[in-house]
Every structure is written in C-alpha cells, then in structure tokens.
>>> print(open('start_36.cif').read())   # mmCIF, N, CA and C atoms
data_protein
#
loop_
_atom_site.label_atom_id
_atom_site.label_comp_id
_atom_site.auth_asym_id
_atom_site.auth_seq_id
_atom_site.Cartn_x
_atom_site.Cartn_y
_atom_site.Cartn_z
N TYR Q 14 0.84 -1.19 0.00
CA TYR Q 14 0.00 0.00 0.00
C TYR Q 14 0.88 1.24 0.00
N ASN Q 15 0.47 2.23 -0.79
CA ASN Q 15 1.19 3.48 -0.91
C ASN Q 15 0.20 4.56 -1.34
N PRO Q 16 0.65 5.82 -1.51
CA PRO Q 16 -0.29 6.88 -1.91
C PRO Q 16 -1.03 6.59 -3.22
N ALA Q 17 -0.36 5.94 -4.17
CA ALA Q 17 -1.03 5.64 -5.45
C ALA Q 17 -2.18 4.65 -5.25
N THR Q 18 -2.00 3.71 -4.34
CA THR Q 18 -3.06 2.75 -4.03
C THR Q 18 -4.26 3.46 -3.44
N LYS Q 19 -3.98 4.37 -2.50
CA LYS Q 19 -5.06 5.12 -1.86
C LYS Q 19 -5.78 6.01 -2.87
N LEU Q 20 -5.03 6.64 -3.77
CA LEU Q 20 -5.64 7.47 -4.81
C LEU Q 20 -6.51 6.63 -5.74
N GLY Q 21 -6.00 5.49 -6.16
CA GLY Q 21 -6.78 4.61 -7.03
C GLY Q 21 -8.05 4.12 -6.37
N ARG Q 22 -7.97 3.76 -5.08
CA ARG Q 22 -9.15 3.34 -4.33
C ARG Q 22 -10.15 4.48 -4.25
N GLY Q 23 -9.67 5.69 -4.01
CA GLY Q 23 -10.57 6.84 -3.91
C GLY Q 23 -11.28 7.14 -5.21
N ILE Q 24 -10.55 7.14 -6.29
CA ILE Q 24 -11.16 7.42 -7.60
C ILE Q 24 -12.15 6.31 -7.96
N SER Q 25 -11.76 5.07 -7.73
CA SER Q 25 -12.63 3.95 -8.03
C SER Q 25 -13.93 4.01 -7.22
N ASN Q 26 -13.82 4.27 -5.92
CA ASN Q 26 -15.01 4.32 -5.08
C ASN Q 26 -15.91 5.51 -5.42
N ALA Q 27 -15.32 6.63 -5.76
CA ALA Q 27 -16.13 7.79 -6.14
C ALA Q 27 -16.86 7.53 -7.46
N ALA Q 28 -16.21 6.84 -8.38
CA ALA Q 28 -16.81 6.60 -9.70
C ALA Q 28 -17.84 5.47 -9.69
N THR Q 29 -17.66 4.48 -8.81
CA THR Q 29 -18.53 3.31 -8.83
C THR Q 29 -19.47 3.24 -7.63
N CYS Q 30 -19.59 4.32 -6.89
CA CYS Q 30 -20.42 4.30 -5.67
C CYS Q 30 -21.88 3.97 -5.98
N TRP Q 31 -22.37 4.32 -7.14
CA TRP Q 31 -23.78 4.08 -7.50
C TRP Q 31 -24.10 2.59 -7.60
N ILE Q 32 -23.10 1.74 -7.73
CA ILE Q 32 -23.33 0.30 -7.82
C ILE Q 32 -23.81 -0.26 -6.48
N GLU Q 33 -23.68 0.50 -5.41
CA GLU Q 33 -24.18 0.05 -4.11
C GLU Q 33 -25.69 -0.20 -4.13
N VAL Q 34 -26.44 0.54 -4.93
CA VAL Q 34 -27.90 0.34 -4.95
C VAL Q 34 -28.25 -1.05 -5.48
N PRO Q 35 -27.84 -1.44 -6.69
CA PRO Q 35 -28.18 -2.80 -7.12
C PRO Q 35 -27.52 -3.87 -6.25
N LYS Q 36 -26.35 -3.60 -5.72
CA LYS Q 36 -25.69 -4.57 -4.84
C LYS Q 36 -26.53 -4.84 -3.60
N GLN Q 37 -27.02 -3.79 -2.96
CA GLN Q 37 -27.81 -3.97 -1.75
C GLN Q 37 -29.18 -4.58 -2.05
N VAL Q 38 -29.76 -4.24 -3.18
CA VAL Q 38 -31.02 -4.90 -3.59
C VAL Q 38 -30.78 -6.40 -3.73
N TRP Q 39 -29.71 -6.77 -4.37
CA TRP Q 39 -29.36 -8.18 -4.57
C TRP Q 39 -29.15 -8.88 -3.22
N LEU Q 40 -28.34 -8.27 -2.35
CA LEU Q 40 -28.02 -8.90 -1.07
C LEU Q 40 -29.25 -9.05 -0.17
N VAL Q 41 -30.06 -8.00 -0.08
CA VAL Q 41 -31.26 -8.07 0.76
C VAL Q 41 -32.27 -9.05 0.16
N SER Q 42 -32.39 -9.08 -1.15
CA SER Q 42 -33.29 -10.04 -1.80
C SER Q 42 -32.88 -11.48 -1.52
N ASN Q 43 -31.59 -11.73 -1.50
CA ASN Q 43 -31.10 -13.08 -1.20
C ASN Q 43 -31.32 -13.44 0.27
N ASP Q 44 -31.22 -12.47 1.16
CA ASP Q 44 -31.42 -12.73 2.59
C ASP Q 44 -32.90 -12.86 2.95
N ARG Q 45 -33.75 -12.08 2.31
CA ARG Q 45 -35.17 -12.04 2.68
C ARG Q 45 -36.03 -12.48 1.50
N ASP Q 46 -36.61 -11.52 0.81
CA ASP Q 46 -37.44 -11.82 -0.37
C ASP Q 46 -37.29 -10.67 -1.36
N PRO Q 47 -37.68 -10.89 -2.62
CA PRO Q 47 -37.47 -9.86 -3.65
C PRO Q 47 -38.16 -8.52 -3.35
N PHE Q 48 -39.37 -8.54 -2.80
CA PHE Q 48 -40.06 -7.29 -2.52
C PHE Q 48 -39.32 -6.48 -1.45
N THR Q 49 -38.93 -7.16 -0.38
CA THR Q 49 -38.16 -6.48 0.68
C THR Q 49 -36.83 -6.00 0.12
N GLY Q 50 -36.22 -6.81 -0.74
CA GLY Q 50 -34.96 -6.41 -1.35
C GLY Q 50 -35.09 -5.16 -2.19
N LEU Q 51 -36.19 -5.07 -2.92
CA LEU Q 51 -36.40 -3.90 -3.76
C LEU Q 51 -36.60 -2.64 -2.92
N ILE Q 52 -37.42 -2.74 -1.87
CA ILE Q 52 -37.73 -1.56 -1.06
C ILE Q 52 -36.60 -1.24 -0.08
N PHE Q 53 -36.31 -2.18 0.81
CA PHE Q 53 -35.30 -1.95 1.84
C PHE Q 53 -33.90 -1.90 1.25
N GLY Q 54 -33.63 -2.77 0.28
CA GLY Q 54 -32.31 -2.78 -0.36
C GLY Q 54 -32.01 -1.49 -1.10
N SER Q 55 -33.03 -0.91 -1.73
CA SER Q 55 -32.83 0.37 -2.42
C SER Q 55 -32.47 1.47 -1.44
N ALA Q 56 -33.21 1.52 -0.33
CA ALA Q 56 -32.93 2.54 0.68
C ALA Q 56 -31.54 2.35 1.29
N LYS Q 57 -31.23 1.10 1.59
CA LYS Q 57 -29.91 0.79 2.15
C LYS Q 57 -28.81 1.13 1.14
N GLY Q 58 -29.07 0.84 -0.13
CA GLY Q 58 -28.09 1.14 -1.17
C GLY Q 58 -27.83 2.62 -1.34
N VAL Q 59 -28.87 3.43 -1.21
CA VAL Q 59 -28.68 4.88 -1.30
C VAL Q 59 -27.77 5.37 -0.17
N GLY Q 60 -28.02 4.85 1.03
CA GLY Q 60 -27.17 5.21 2.17
C GLY Q 60 -25.73 4.78 1.97
N TYR Q 61 -25.54 3.56 1.51
CA TYR Q 61 -24.19 3.05 1.27
C TYR Q 61 -23.51 3.81 0.12
N THR Q 62 -24.31 4.25 -0.86
CA THR Q 62 -23.76 5.05 -1.95
C THR Q 62 -23.17 6.35 -1.43
N ILE Q 63 -23.88 7.00 -0.54
CA ILE Q 63 -23.40 8.26 0.03
C ILE Q 63 -22.11 8.03 0.81
N VAL Q 64 -22.08 6.97 1.61
CA VAL Q 64 -20.89 6.66 2.40
C VAL Q 64 -19.71 6.34 1.50
N ARG Q 65 -19.92 5.51 0.48
CA ARG Q 65 -18.82 5.13 -0.42
C ARG Q 65 -18.33 6.33 -1.23
N ALA Q 66 -19.24 7.20 -1.66
CA ALA Q 66 -18.83 8.40 -2.40
C ALA Q 66 -18.00 9.32 -1.50
N ALA Q 67 -18.44 9.50 -0.27
CA ALA Q 67 -17.69 10.34 0.68
C ALA Q 67 -16.31 9.74 0.96
N ALA Q 68 -16.25 8.42 1.12
CA ALA Q 68 -14.96 7.76 1.35
C ALA Q 68 -14.06 7.93 0.13
N GLY Q 69 -14.63 7.83 -1.06
CA GLY Q 69 -13.85 8.01 -2.27
C GLY Q 69 -13.31 9.42 -2.41
N VAL Q 70 -14.13 10.40 -2.10
CA VAL Q 70 -13.68 11.80 -2.16
C VAL Q 70 -12.59 12.04 -1.13
N TYR Q 71 -12.78 11.49 0.07
CA TYR Q 71 -11.78 11.65 1.13
C TYR Q 71 -10.44 11.02 0.73
N ASP Q 72 -10.48 9.77 0.25
CA ASP Q 72 -9.25 9.10 -0.16
C ASP Q 72 -8.57 9.83 -1.31
N THR Q 73 -9.35 10.37 -2.23
CA THR Q 73 -8.77 11.10 -3.36
C THR Q 73 -8.15 12.41 -2.90
N ALA Q 74 -8.83 13.11 -2.02
CA ALA Q 74 -8.33 14.42 -1.56
C ALA Q 74 -7.10 14.29 -0.67
N PHE Q 75 -7.05 13.25 0.14
CA PHE Q 75 -5.98 13.11 1.13
C PHE Q 75 -5.10 11.89 0.86
N PHE Q 76 -4.89 11.56 -0.41
CA PHE Q 76 -4.14 10.36 -0.75
C PHE Q 76 -2.69 10.42 -0.32
N LEU Q 77 -2.14 11.59 -0.10
CA LEU Q 77 -0.74 11.69 0.32
C LEU Q 77 -0.56 11.46 1.82
N LEU Q 78 -1.64 11.50 2.58
CA LEU Q 78 -1.54 11.33 4.02
C LEU Q 78 -1.75 9.87 4.42
N PRO Q 79 -0.88 9.33 5.29
CA PRO Q 79 -1.10 7.96 5.77
C PRO Q 79 -2.30 7.91 6.70
N PRO Q 80 -2.90 6.79 6.96
CA PRO Q 80 -2.52 5.44 6.51
C PRO Q 80 -3.04 5.15 5.11
N TYR Q 81 -2.33 4.31 4.41
CA TYR Q 81 -2.69 3.97 3.04
C TYR Q 81 -3.46 2.65 2.95
N ASP Q 82 -3.40 1.85 4.00
CA ASP Q 82 -3.99 0.52 3.96
C ASP Q 82 -5.26 0.40 4.80
N ALA Q 83 -5.90 1.51 5.11
CA ALA Q 83 -7.10 1.50 5.96
C ALA Q 83 -8.28 2.11 5.22
N PRO Q 84 -9.00 1.30 4.41
CA PRO Q 84 -10.17 1.86 3.72
C PRO Q 84 -11.25 2.27 4.72
N LEU Q 85 -12.02 3.26 4.37
CA LEU Q 85 -13.05 3.78 5.27
C LEU Q 85 -14.33 2.95 5.22
N THR Q 86 -14.46 2.05 4.27
CA THR Q 86 -15.65 1.20 4.16
C THR Q 86 -15.26 -0.25 4.47
N ASP Q 87 -16.25 -1.06 4.81
CA ASP Q 87 -15.97 -2.47 5.13
C ASP Q 87 -15.35 -3.20 3.95
N ASP Q 88 -15.96 -3.06 2.78
CA ASP Q 88 -15.38 -3.62 1.56
C ASP Q 88 -14.57 -2.53 0.90
N GLU Q 89 -13.32 -2.85 0.57
CA GLU Q 89 -12.44 -1.83 -0.01
C GLU Q 89 -13.00 -1.27 -1.32
N PHE Q 90 -13.61 -2.15 -2.12
CA PHE Q 90 -14.22 -1.75 -3.38
C PHE Q 90 -15.65 -2.27 -3.44
N VAL Q 91 -16.48 -1.66 -4.23
CA VAL Q 91 -17.90 -2.04 -4.31
C VAL Q 91 -18.10 -3.43 -4.89
N PHE Q 92 -17.11 -3.92 -5.62
CA PHE Q 92 -17.25 -5.23 -6.27
C PHE Q 92 -16.96 -6.38 -5.32
N GLU Q 93 -16.59 -6.09 -4.07
CA GLU Q 93 -16.35 -7.13 -3.08
C GLU Q 93 -17.61 -7.33 -2.24
N GLY Q 94 -17.78 -8.53 -1.72
CA GLY Q 94 -18.87 -8.79 -0.78
C GLY Q 94 -20.23 -9.08 -1.40
N TRP Q 95 -20.26 -9.68 -2.58
CA TRP Q 95 -21.53 -9.99 -3.24
C TRP Q 95 -22.05 -11.38 -2.87
N GLU Q 96 -21.49 -12.01 -1.84
CA GLU Q 96 -21.93 -13.36 -1.47
C GLU Q 96 -23.31 -13.34 -0.95
#
>>> encode(input="start_36.cif", output="structure tokens")
Amino acid sequence: YNPATKLGRGISNAATCWIEVPKQVWLVSNDRDPFTGLIFGSAKGVGYTIVRAAAGVYDTAFFLLPPYDAPLTDDEFVFEGWE
C-alpha cells in the first residue's frame, strides 16, 4: 500500500459508488425476499452510496496522508462482498 493505491481506491469508489444500490437490492433479496430487497435494499443502497462516495472523495483528496492501507468502508471496493 502506498499513496497511489489510496488514490486509485478513492477514484474507483467515487466513480462506482452508484453500484451500491443494485448490490444492496441483490443482497437483501437473497437474505429475505425480492419485494423487501427492492424496497429496503434500495434505501440501504442509497445510504451506502453516500458513504462510499464520501470515502472516495476523502481518499482522493488526502491520498498523500497515511494510513494507506485502511479503507473507510468495510469492503475496499464495491465489487467485493456480493456473497
């Protein structure tokens, strides 16, 4: 991990934050049922989108400051955690 890693993570998270909505719909639908997934998962996804976008902006703005290996979200990238 180094400043370039943190910058790449920040840009990636800021650009792909919107994927949290379909991700959360998918995850909640798998845990409960499709209707709950559509309603609750959408709301949860909007919240996670805001958090991931803010984390991406933060990592991009402060990429020169350590720590470089501590992402602000549970999954470092939106494409992780689709189980």
>>> resolve_selection(input="start_36.cif", expression="the PyMOL selection byres (((chain Q and resi 77-81 and name CA) around 6) and name CA)", output="PyMOL selection string")
chain Q and resi 14-16+19+75-76+82-83
>>> select_by_dssp(input="start_36.cif", residues="chain Q", states="alpha helix (DSSP H)", output="PyMOL selection string")
chain Q and resi 16-29+33-44+47-74
>>> atom_distance(input="start_36.cif", atom1="atom CA of Ala17 of chain Q", atom2="atom CA of Gly69 of chain Q")
13.4 Å
>>> residues_around(input="start_36.cif", residues="segment 43-51 of chain Q", least_positions_apart="6", cutoff="8 Å", atoms="only N, CA and C atoms", output="ChimeraX atom specification")
/Q:37,57,96
>>> closest_residue(input="start_36.cif", among="Q:Ser55, Q:Asp88, Q:Thr62, Q:Val70", to="Pro35 of chain Q", atoms="only C-alpha atoms")
Q:Ser55
>>> closest_atom_pairs(input="start_36.cif", of="segment 67-90 of chain Q", to="segment 27-33 of chain Q", cutoff="8 Å", atoms="only N, CA and C atoms", output="Markdown table")
| residue | atom | partner | partner_atom | distance |
| --- | --- | --- | --- | --- |
| Q:Ala67 | N | Q:Ala27 | CA | 6.5 |
| Q:Ala68 | C | Q:Ala27 | N | 6.2 |
| Q:Gly69 | CA | Q:Ala27 | N | 4.0 |
| Q:Val70 | N | Q:Ala27 | CA | 5.2 |
| Q:Tyr71 | N | Q:Ala27 | CA | 8.0 |
| Q:Thr73 | N | Q:Ala27 | N | 7.9 |
| Q:Phe90 | C | Q:Thr29 | C | 7.9 |
>>> residues_near_point(input="start_36.cif", point="(-19.8, -9.3, 0.8)", cutoff="12 Å", atoms="only C-alpha atoms", output="mmCIF file with N, CA and C atoms, in the coordinates of the input")
data_model
loop_
_atom_site.group_PDB
_atom_site.id
_atom_site.type_symbol
_atom_site.label_atom_id
_atom_site.label_comp_id
_atom_site.auth_asym_id
_atom_site.auth_seq_id
_atom_site.Cartn_x
_atom_site.Cartn_y
_atom_site.Cartn_z
ATOM 1 N N GLU Q 33 -23.680 0.500 -5.410
ATOM 2 C CA GLU Q 33 -24.180 0.050 -4.110
ATOM 3 C C GLU Q 33 -25.690 -0.200 -4.130
ATOM 4 N N LYS Q 36 -26.350 -3.600 -5.720
ATOM 5 C CA LYS Q 36 -25.690 -4.570 -4.840
ATOM 6 C C LYS Q 36 -26.530 -4.840 -3.600
ATOM 7 N N GLN Q 37 -27.020 -3.790 -2.960
ATOM 8 C CA GLN Q 37 -27.810 -3.970 -1.750
ATOM 9 C C GLN Q 37 -29.180 -4.580 -2.050
ATOM 10 N N TRP Q 39 -29.710 -6.770 -4.370
ATOM 11 C CA TRP Q 39 -29.360 -8.180 -4.570
ATOM 12 C C TRP Q 39 -29.150 -8.880 -3.220
ATOM 13 N N LEU Q 40 -28.340 -8.270 -2.350
ATOM 14 C CA LEU Q 40 -28.020 -8.900 -1.070
ATOM 15 C C LEU Q 40 -29.250 -9.050 -0.170
ATOM 16 N N VAL Q 41 -30.060 -8.000 -0.080
ATOM 17 C CA VAL Q 41 -31.260 -8.070 0.760
ATOM 18 C C VAL Q 41 -32.270 -9.050 0.160
ATOM 19 N N THR Q 86 -14.460 2.050 4.270
ATOM 20 C CA THR Q 86 -15.650 1.200 4.160
ATOM 21 C C THR Q 86 -15.260 -0.250 4.470
ATOM 22 N N ASP Q 87 -16.250 -1.060 4.810
ATOM 23 C CA ASP Q 87 -15.970 -2.470 5.130
ATOM 24 C C ASP Q 87 -15.350 -3.200 3.950
ATOM 25 N N ASP Q 88 -15.960 -3.060 2.780
ATOM 26 C CA ASP Q 88 -15.380 -3.620 1.560
ATOM 27 C C ASP Q 88 -14.570 -2.530 0.900
ATOM 28 N N GLU Q 89 -13.320 -2.850 0.570
ATOM 29 C CA GLU Q 89 -12.440 -1.830 -0.010
ATOM 30 C C GLU Q 89 -13.000 -1.270 -1.320
ATOM 31 N N PHE Q 90 -13.610 -2.150 -2.120
ATOM 32 C CA PHE Q 90 -14.220 -1.750 -3.380
ATOM 33 C C PHE Q 90 -15.650 -2.270 -3.440
ATOM 34 N N VAL Q 91 -16.480 -1.660 -4.230
ATOM 35 C CA VAL Q 91 -17.900 -2.040 -4.310
ATOM 36 C C VAL Q 91 -18.100 -3.430 -4.890
ATOM 37 N N PHE Q 92 -17.110 -3.920 -5.620
ATOM 38 C CA PHE Q 92 -17.250 -5.230 -6.270
ATOM 39 C C PHE Q 92 -16.960 -6.380 -5.320
ATOM 40 N N GLU Q 93 -16.590 -6.090 -4.070
ATOM 41 C CA GLU Q 93 -16.350 -7.130 -3.080
ATOM 42 C C GLU Q 93 -17.610 -7.330 -2.240
ATOM 43 N N GLY Q 94 -17.780 -8.530 -1.720
ATOM 44 C CA GLY Q 94 -18.870 -8.790 -0.780
ATOM 45 C C GLY Q 94 -20.230 -9.080 -1.400
ATOM 46 N N TRP Q 95 -20.260 -9.680 -2.580
ATOM 47 C CA TRP Q 95 -21.530 -9.990 -3.240
ATOM 48 C C TRP Q 95 -22.050 -11.380 -2.870
ATOM 49 N N GLU Q 96 -21.490 -12.010 -1.840
ATOM 50 C CA GLU Q 96 -21.930 -13.360 -1.470
ATOM 51 C C GLU Q 96 -23.310 -13.340 -0.950
#
>>> closest_residue(input="start_36.cif", among="Q:Gly21, Q:Pro84, Q:Val34, Q:Asn26", to="Arg65 of chain Q", atoms="only N, CA and C atoms")
Q:Asn26
>>> atom_distance(input="start_36.cif", atom1="atom CA of Ser42 of chain Q", atom2="atom CA of Leu85 of chain Q")
25.5 Å
>>> atom_distance(input="start_36.cif", atom1="atom C of Ile24 of chain Q", atom2="atom C of Tyr61 of chain Q")
14.2 Å
